[in-house]
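Below is one structure; the comments refer to it alone.
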Amino acid sequence: MSVKKACRGALIVLEGCDRVGKTTQAKLLVESLKNNGKPAQLMNFPDRTTAIGKMLDQYLKQSQELDDHAVHLLFSANRWECVSSMEKLLQEGTTLVVDRYSDSGIAFSAAKGLPVSWCAASDSGLPRPDLVLFLTLGGTELSSRGGYGQERYEEDSFQQRVMRNYNELKRDYWNVVNADEKSVEQLHSELLPLVTSAVAAAEDKPLLTLDW
Ligand code: TMP
């Protein structure tokens, strides 16, 4: 009797500037996938629960200063420390919906003036996303969103540099979605079909690695 191997889950990443609505959308996507019978789990980077994540949390809340290179490597290490659990979940068939990943690492650190190639090197070999949903917003709408300005990096000229860097990083597995003037529900109904197709397409494909 042949036993069918479990289909793998998809690695779905949400990217964009701060306060664009990624976290809300990531949660909704996980709920909808589960409601549709697809195992799914939410993840977010930085994962502020680990020892490295706690250092990053203090840095982001501006209670600790660190060298830009060191911070970049901590963000990258924070992803690497999750790789084995991510790979296990994906191979068991759980789709991971990830709020920020490698592109955040590169776009934000390069906005401080670090070379893109240097920023990308420490993430080479991480699991490659099956789909990156890149959410965009007009600049003025961004700064009017609740909570904006509370953490490091939440400043308009910095966010514009981040946006320019993101645009340089786009790959064929990216989908750019304009979130301007869309309700949470409207945006969700635009994202869900993209995610559902990516989950179906990933089922029989091997998990690739980032080759920056
Ligand atoms: P969050 O608000 O989504 O928790 O992200 C925290 C901040 O950290 C956000 O401004 C983006 C920034 N960031 C980096 O600079 N490098 C990274 O690798 C990641 C994942 C986030």
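Chain identifiers are assigned as A, B, and so on, following the order in which chains appear in the structure tokens; residues are numbered from 1 within each chain, and ligands are numbered from 1 in order of appearance.
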
Close residues to ligand 1 using only C-alpha atoms and all ligand atoms, limit 7 Å, as a VMD selection string: chain A and resid 18 45 to 46 60 72 75 to 76 99 to 102 104 to 106 108 to 109 152 to 154

Check range 59-109 of chain A with DSSP on the backbone and list each residue it calls strand (DSSP E or B), as a ChimeraX atom specification. /A:95-99

Suppose we keep N, CA, C and O atoms; can you now write the selection as a compact mmCIF listing (two decimals), in the first residue's frame?
```txt
# COMPACT_ATOMS: atom_id res chain seq x y z
N THR A 95 0.91 25.98 6.82
CA THR A 95 1.28 27.22 6.12
C THR A 95 1.67 28.26 7.15
O THR A 95 0.97 28.44 8.16
N LEU A 96 2.79 28.95 6.93
CA LEU A 96 3.22 30.00 7.85
C LEU A 96 2.94 31.35 7.22
O LEU A 96 3.35 31.61 6.08
N VAL A 97 2.21 32.17 7.95
CA VAL A 97 1.95 33.54 7.50
C VAL A 97 2.84 34.43 8.37
O VAL A 97 2.66 34.52 9.59
N VAL A 98 3.84 35.03 7.74
CA VAL A 98 4.91 35.70 8.49
C VAL A 98 4.84 37.21 8.29
O VAL A 98 4.87 37.71 7.16
N ASP A 99 4.74 37.90 9.42
CA ASP A 99 4.66 39.36 9.43
C ASP A 99 6.11 39.88 9.48
O ASP A 99 6.72 39.86 10.55
```

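Shortest atom-to-atom contact with Gly125 in chain A among A:Glu87, A:Glu31, A:Asp211, A:Asp47: A:Asp211, counting only C-alpha atoms.
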
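Excluding Leu33 in chain A and any residue on its chain fewer than 5 positions from it, the residues at most 9 Å away by only C-alpha atoms are Leu28, Lys38, Pro39, Ala40, Thr95, Leu192, Val195 and Thr196 of chain A.
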
Range 10-157 of chain A: residues DSSP assigns to helix (DSSP H, G or I), reported as a count of residues only:
69

note - CA of Gly149 in chain A and CA of Tyr59 in chain A are separated by 14.7 Å

*Residue with smallest distance to Lys170 in chain A - pool A:Glu92, A:Asp204, A:Asp123, A:Asp103, counting only C-alpha atoms*: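 So, comparing all the options, the nearest one is A:Asp103.
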
Problem - Spatial neighbours of range 173-183 of chain A, 9 Å, only C-alpha atoms, chain gap at least 3 places, as a list of chain:residue names - result: A:Val20, A:Gly21, A:Pro129, A:Asp130, A:Leu131, A:Val132, A:Leu133, A:Phe134, A:Leu135, A:Thr136, A:Leu137, A:Gly138, A:Glu141, A:Lys170, A:Gln186, A:Leu187, A:His188, A:Glu190, A:Leu191, A:Leu194

File dump, residues just selected, all heavy atoms, as a compact mmCIF listing (two decimals), in the first residue's frame:
```txt
# COMPACT_ATOMS: atom_id res chain seq x y z
N VAL A 20 1.36 49.77 8.07
CA VAL A 20 0.60 49.64 6.83
C VAL A 20 -0.56 48.65 6.99
O VAL A 20 -1.45 48.58 6.13
CB VAL A 20 1.57 49.27 5.66
CG1 VAL A 20 2.04 47.84 5.76
CG2 VAL A 20 0.99 49.56 4.31
N GLY A 21 -0.56 47.90 8.09
CA GLY A 21 -1.68 46.98 8.34
C GLY A 21 -1.31 45.51 8.19
O GLY A 21 -2.19 44.64 8.16
N PRO A 129 10.50 32.55 0.70
CA PRO A 129 9.03 32.64 0.68
C PRO A 129 8.45 32.12 -0.63
O PRO A 129 9.07 32.24 -1.69
CB PRO A 129 8.77 34.15 0.80
CG PRO A 129 10.02 34.75 1.32
CD PRO A 129 11.13 33.87 0.85
N ASP A 130 7.25 31.53 -0.56
CA ASP A 130 6.51 31.18 -1.78
C ASP A 130 5.80 32.41 -2.32
O ASP A 130 5.56 32.51 -3.52
CB ASP A 130 5.49 30.08 -1.46
CG ASP A 130 6.19 28.80 -1.05
OD1 ASP A 130 6.85 28.20 -1.92
OD2 ASP A 130 6.13 28.42 0.13
N LEU A 131 5.46 33.32 -1.41
CA LEU A 131 4.75 34.54 -1.82
C LEU A 131 5.11 35.65 -0.84
O LEU A 131 5.06 35.45 0.38
CB LEU A 131 3.23 34.29 -1.78
CG LEU A 131 2.33 35.50 -2.00
CD1 LEU A 131 2.44 36.03 -3.43
CD2 LEU A 131 0.86 35.14 -1.73
N VAL A 132 5.47 36.81 -1.39
CA VAL A 132 5.61 38.02 -0.56
C VAL A 132 4.48 38.97 -0.95
O VAL A 132 4.35 39.32 -2.13
CB VAL A 132 6.98 38.71 -0.77
CG1 VAL A 132 7.02 40.07 -0.06
CG2 VAL A 132 8.11 37.84 -0.26
N LEU A 133 3.66 39.32 0.01
CA LEU A 133 2.61 40.32 -0.23
C LEU A 133 3.17 41.65 0.25
O LEU A 133 3.41 41.83 1.44
CB LEU A 133 1.34 39.97 0.56
CG LEU A 133 0.64 38.70 0.10
CD1 LEU A 133 -0.41 38.28 1.12
CD2 LEU A 133 0.00 38.90 -1.28
N PHE A 134 3.42 42.54 -0.70
CA PHE A 134 4.03 43.82 -0.37
C PHE A 134 2.93 44.88 -0.34
O PHE A 134 2.36 45.23 -1.38
CB PHE A 134 5.10 44.14 -1.42
CG PHE A 134 5.79 45.45 -1.22
CD1 PHE A 134 6.34 45.78 0.02
CD2 PHE A 134 5.91 46.36 -2.26
CE1 PHE A 134 6.99 46.99 0.21
CE2 PHE A 134 6.55 47.57 -2.08
CZ PHE A 134 7.09 47.88 -0.84
N LEU A 135 2.61 45.35 0.87
CA LEU A 135 1.51 46.31 1.03
C LEU A 135 2.05 47.73 0.94
O LEU A 135 3.02 48.08 1.62
CB LEU A 135 0.81 46.12 2.38
CG LEU A 135 0.29 44.72 2.70
CD1 LEU A 135 -0.57 44.75 3.96
CD2 LEU A 135 -0.52 44.15 1.53
N THR A 136 1.43 48.54 0.11
CA THR A 136 1.89 49.93 -0.05
C THR A 136 0.79 50.91 0.37
O THR A 136 -0.40 50.58 0.32
CB THR A 136 2.26 50.24 -1.52
OG1 THR A 136 1.08 50.13 -2.32
CG2 THR A 136 3.31 49.29 -2.04
N LEU A 137 1.21 52.09 0.78
CA LEU A 137 0.31 53.17 1.21
C LEU A 137 0.92 54.49 0.81
O LEU A 137 2.14 54.61 0.75
CB LEU A 137 0.24 53.21 2.74
CG LEU A 137 -0.85 52.54 3.53
CD1 LEU A 137 -0.74 53.02 4.96
CD2 LEU A 137 -2.23 52.84 2.99
N GLY A 138 0.08 55.52 0.58
CA GLY A 138 0.60 56.87 0.35
C GLY A 138 1.27 57.36 1.62
O GLY A 138 0.83 57.01 2.72
N GLU A 141 -0.89 59.06 4.40
CA GLU A 141 -1.80 58.16 5.10
C GLU A 141 -1.04 57.35 6.15
O GLU A 141 -1.52 57.08 7.25
CB GLU A 141 -2.52 57.22 4.11
CG GLU A 141 -3.69 56.57 4.81
CD GLU A 141 -4.53 55.66 3.93
OE1 GLU A 141 -4.57 55.85 2.71
OE2 GLU A 141 -5.14 54.75 4.50
N LYS A 170 12.29 43.70 -5.15
CA LYS A 170 11.16 42.91 -5.69
C LYS A 170 11.64 41.72 -6.52
O LYS A 170 12.55 41.85 -7.31
CB LYS A 170 10.30 43.80 -6.60
CG LYS A 170 9.32 44.64 -5.84
CD LYS A 170 8.50 45.46 -6.81
CE LYS A 170 7.91 46.65 -6.13
NZ LYS A 170 7.60 47.75 -7.04
N GLN A 186 -11.91 44.82 2.94
CA GLN A 186 -11.64 44.89 1.48
C GLN A 186 -10.25 44.35 1.17
O GLN A 186 -10.06 43.57 0.24
CB GLN A 186 -11.72 46.34 1.00
CG GLN A 186 -13.11 46.83 0.73
CD GLN A 186 -13.10 48.34 0.47
OE1 GLN A 186 -12.27 49.09 0.98
NE2 GLN A 186 -14.04 48.79 -0.34
N LEU A 187 -9.28 44.78 1.99
CA LEU A 187 -7.90 44.36 1.74
C LEU A 187 -7.78 42.85 1.94
O LEU A 187 -7.15 42.15 1.14
CB LEU A 187 -6.96 45.13 2.69
CG LEU A 187 -5.48 44.99 2.44
CD1 LEU A 187 -5.10 45.35 1.00
CD2 LEU A 187 -4.68 45.89 3.40
N HIS A 188 -8.43 42.35 2.99
CA HIS A 188 -8.38 40.91 3.25
C HIS A 188 -8.95 40.13 2.07
O HIS A 188 -8.38 39.12 1.64
CB HIS A 188 -9.15 40.58 4.54
CG HIS A 188 -9.23 39.11 4.81
ND1 HIS A 188 -8.11 38.33 5.04
CD2 HIS A 188 -10.29 38.26 4.88
CE1 HIS A 188 -8.48 37.08 5.23
NE2 HIS A 188 -9.79 37.01 5.14
N GLU A 190 -8.92 40.92 -0.92
CA GLU A 190 -7.99 40.97 -2.05
C GLU A 190 -6.80 40.01 -1.83
O GLU A 190 -6.29 39.40 -2.77
CB GLU A 190 -7.46 42.40 -2.16
CG GLU A 190 -7.26 42.86 -3.57
CD GLU A 190 -6.88 44.34 -3.61
OE1 GLU A 190 -7.71 45.19 -3.22
OE2 GLU A 190 -5.76 44.62 -4.03
N LEU A 191 -6.37 39.91 -0.57
CA LEU A 191 -5.18 39.10 -0.28
C LEU A 191 -5.47 37.60 -0.24
O LEU A 191 -4.65 36.79 -0.66
CB LEU A 191 -4.57 39.52 1.07
CG LEU A 191 -4.08 40.96 1.19
CD1 LEU A 191 -3.47 41.21 2.57
CD2 LEU A 191 -3.06 41.30 0.12
N LEU A 194 -4.93 35.40 -3.31
CA LEU A 194 -3.51 35.29 -3.66
C LEU A 194 -2.83 34.23 -2.79
O LEU A 194 -2.03 33.42 -3.25
CB LEU A 194 -2.81 36.64 -3.48
CG LEU A 194 -3.36 37.81 -4.31
CD1 LEU A 194 -2.69 39.12 -3.88
CD2 LEU A 194 -3.12 37.56 -5.79
```

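Between CA of Glu15 in chain A and CA of Met163 in chain A lies a distance of 10.4 Å.
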
Margin query: Can you tell me which residues surround Leu207 in chain A at a distance of at most 8 Å, considering only C-alpha atoms, apart from same-chain residues fewer than 2 positions away, and format the answer as a ChimeraX atom specification?
Written below: /A:127-128,205,209

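Interatomic distance, CA of Leu11 in chain A to CA of Ala110 in chain A: 24.1 Å.
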
Q. Which is closer to Leu208 in chain A than all the others in A:Ala111, A:Val30, A:Leu126, A:Leu169, using only C-alpha atoms?
A.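 Counting only C-alpha atoms, the residue closest to Leu208 in chain A is A:Leu126.
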